[in-house]
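**Q** Pasting a structure below so you can have a look.
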Amino acid sequence: MTAFTVALVLVVAAAGLLRWRRPAWYWLVFGVALAALRVLVRYRSVMDACGLTVPPARWRLSLARATNRPIPEPRPPRIRRLRPTRTGLVLRLKLRPGQDVFDISAASDRLRHSFSMFGVTSREVRSGVVEVRMTGYDVLKRVQMPAETETRAMRVPVALREDGSVHYRDYRAIPHALTLGATESGKSVYQRNLVAGLAPLDVALVGIDCKQGVELFPLARRFSALADSPDTAAELLDALVARMADVYRLIRTQQRITVDVPDAEIAADIWDLPDELRPTPVVVLVDEVAELALYATKEEERRRDRIITALVRLAQLGRAAGIYLEICGQRFGSELGKGITMLRAQLTGRTAHRLNDETSANMAFGDIAPDAVLAAIQIPAELRGLAIAGDASGGWHRIRAPHTSLRQAVNLCNRYADRNPDLPELAPFRPTTGTATELVPSAKASPATA
């Protein structure tokens with residue numbers, strides 16, 4: 001009996017230590033079995049308490065009265081599948097007649113308390129079937145991406161969602177995106193994860209970094225073109241607009257609109273072209289869009305209009321030509337001038353880190369998910385990297401990108417530098433990657449000159 005007691009104490013101590021230091025390990029070893037048992041035992045009573053049951057059918061009531069049997073109890077949604085995951089449980093429910101997916105969504109917080117889980121989210125899989133994802137611990141506190149993720153052309157994993165699933169940046173589904181975040185909010189780390197995910201792919205990276213290139217130039221070996229000033233950015237964007245026109249001419253000549261060609265083989269964008277003719281897709285990363293929109297003189301105003309016009313053209317027409325935009329900034333508002341709201345309307349994907357003002361949050365989510373505006377401005381300053389991600393469908397999620405240092409991103413870009421395509425129209429803007437021969441003098445005077 002003493003040995004059993006000692007073993008039990010050791011197991012409890014190990015479970016407590018794992019839950020404190022390694023919550024993911026605790027969940028896989030102890031938590032998943034306890035949570036599944038708790039859900040199955042409490043399911044009927046919890047659903048009844050949360051108002052997620054329906055009265056029995058009339059024929060069942062009539063049958064019970066006719067046979068002098070007890071009145072049937074209200075029926076909860078039927079469990080079709082209970083699947084454990086590395087972060088929680090996935091419960092697939094078949095709704096009863098009269099129930100709606102919004103009933104499950106409205107009761108998410110009560111389900112979280114009743115099942116003693118960290119978070120509960122739901123989504124409709126198809127008519128009458130709802131998937132409830134429950135997380136056993138705070139997956140955004142210490143982000144650990146799964147070892148294996150789904151790979152697909154122009155689709156890269158960049159962050160982890162609050163329900164434990166992976167947040168992907170899919171350029172085929174969402175061609176252009178807007179990413180906002182105040183200083184020290186984690187926007188740069190999100191951008192590094194994006195570049196690190198794109199580096200192994202057959203894609204050309206184009207960067208515009210008006211902070212003299214301090215953010216993107218360390219990654220220069222994987223970039224086909226870089227601009228570090230508004231003047232260079234204007235010329236680079238004009239070159240991209242010219243490339244877009246050339247790609248459209250290529251698609252027009254290869255459309256193959258004849259009677260004997262199936263509809264699925266008619267070319268309408270670069271992905272319908274044969275592999276040997278398909279141009280390399282281009283991802284354009286703009287690090288600080290406000291620097292491109294500000295001006296102080298008439299000449300700078302003309303340059304600003306030229307830049308914004310080129311960005312709007314690329315956002316409206318670039319998808320079929322394989323040109324995708326990633327617009328980043330600390331501030332994004334209508335005061336940046338004409339054309340900004342037109343540009344925003346073409347940026348389907350929206351990601352907002354901690355913001356200092358409600359106006360930027362409204363520009364990000366006000367037109368697609370108004371309830372995400374409050375969530376974006378309530379992100380605490382100590383949780384750097386936490387963000388709200390949404391799209392034009394109106395849905396939004398809390399996400400957090402894993403911490404990627406600048407050195408890690410540089411190493412990845414150097415490793416895949418051989419994948420950098422040679423694009424003649426962008427050759428004048430290709431960054432030089434030679435070793436600096438001059439050292440920046442120190443601000444502190446040396447003893448010999450003091």
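Ordering of the structure tokens sets the chain letters (A, B, ...), residue numbers begin anew at 1 in every chain, and ligands are numbered from 1 in the order given.
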Could you name the residues that touch segment 406-415 of chain A at 9 Å or less, counting only C-alpha atoms, but leaving out those on the same chain fewer than 3 positions away, as a list in words?

**A** Val189, Arg192, Asn193, Val195, Ala196, Ala199, Pro200, Glu215, Pro218, Leu219, Ala220, Arg221, Arg222, Phe223 and Asp418 of chain A

**Q** Per DSSP on the backbone, filter segment 166-376 of chain A down to the residues in strand (DSSP E or B) and report them as JSON, numbers by chain.

**A** {"A": [166, 167, 168, 169, 170, 177, 178, 179, 180, 204, 205, 206, 207, 208, 223, 224, 225, 226, 227, 282, 283, 284, 285, 286, 323, 324, 325, 326, 327, 328, 329, 349, 350, 351, 352]}

**Q** Contacts between segment 154-174 of chain A and segment 57-140 of chain A, please, where a residue of segment 57-140 of chain A counts if it comes within 10 Å (with only C-alpha atoms); show its shortest atom pair and distance in Å to one decimal, rows by chain and ascending number, as JSON lines.

**A**
{"residue": "A:Thr85", "atom": "CA", "partner": "A:Gly164", "partner_atom": "CA", "distance": 8.6}
{"residue": "A:Arg86", "atom": "CA", "partner": "A:Gly164", "partner_atom": "CA", "distance": 8.0}
{"residue": "A:Thr87", "atom": "CA", "partner": "A:Gly164", "partner_atom": "CA", "distance": 5.6}
{"residue": "A:Gly88", "atom": "CA", "partner": "A:Gly164", "partner_atom": "CA", "distance": 7.4}
{"residue": "A:Leu89", "atom": "CA", "partner": "A:Asp163", "partner_atom": "CA", "distance": 9.7}
{"residue": "A:Val90", "atom": "CA", "partner": "A:Asp163", "partner_atom": "CA", "distance": 9.8}
{"residue": "A:Phe118", "atom": "CA", "partner": "A:Asp163", "partner_atom": "CA", "distance": 9.5}
{"residue": "A:Gly119", "atom": "CA", "partner": "A:Asp163", "partner_atom": "CA", "distance": 7.1}
{"residue": "A:Val120", "atom": "CA", "partner": "A:Asp163", "partner_atom": "CA", "distance": 7.3}
{"residue": "A:Thr121", "atom": "CA", "partner": "A:Asp163", "partner_atom": "CA", "distance": 6.7}
{"residue": "A:Ser122", "atom": "CA", "partner": "A:Asp163", "partner_atom": "CA", "distance": 9.4}
{"residue": "A:Val132", "atom": "CA", "partner": "A:Asp163", "partner_atom": "CA", "distance": 9.7}
{"residue": "A:Arg133", "atom": "CA", "partner": "A:Asp163", "partner_atom": "CA", "distance": 6.3}
{"residue": "A:Met134", "atom": "CA", "partner": "A:Asp163", "partner_atom": "CA", "distance": 6.7}
{"residue": "A:Thr135", "atom": "CA", "partner": "A:Asp163", "partner_atom": "CA", "distance": 5.9}
{"residue": "A:Gly136", "atom": "CA", "partner": "A:Gly164", "partner_atom": "CA", "distance": 9.4}
{"residue": "A:Tyr137", "atom": "CA", "partner": "A:Gly164", "partner_atom": "CA", "distance": 9.4}
{"residue": "A:Asp138", "atom": "CA", "partner": "A:Glu162", "partner_atom": "CA", "distance": 7.7}
{"residue": "A:Val139", "atom": "CA", "partner": "A:Gly164", "partner_atom": "CA", "distance": 6.3}
{"residue": "A:Leu140", "atom": "CA", "partner": "A:Glu162", "partner_atom": "CA", "distance": 6.3}

**Q** Might you pull out every residue within 10 Å of Val125 of chain A, with only C-alpha atoms counted and same-chain residues fewer than 3 positions away left off, and present them as a list of chain:residue names?

**A**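 Near neighbours after the sequence-gap exclusion: A:Arg92, A:Leu93, A:Val101, A:Ser122, A:Gly128, A:Val129, A:Val130, A:Glu131, A:Val132.
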
**Q** Check segment 390-438 of chain A with DSSP on the backbone and list each residue it calls helix (DSSP H, G or I), as a list in words.

**A**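 Helix (DSSP H, G or I) members of segment 390-438 of chain A, listed: Leu406, Arg407, Gln408, Ala409, Val410, Asn411, Leu412, Cys413, Asn414, Arg415, Ala417, Asp418, Arg419, Pro424, Glu425, Leu426, Ala427, Pro428 and Phe429 of chain A.
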
**Q** Residues near Gly213 of chain A, anyone? I mean within 12 Å using only C-alpha atoms, not counting same-chain ones fewer than 2 positions away, as a VMD selection string.

**A** chain A and resid 207 to 211 215 to 220 225 to 230 232 to 233 286 to 288 431
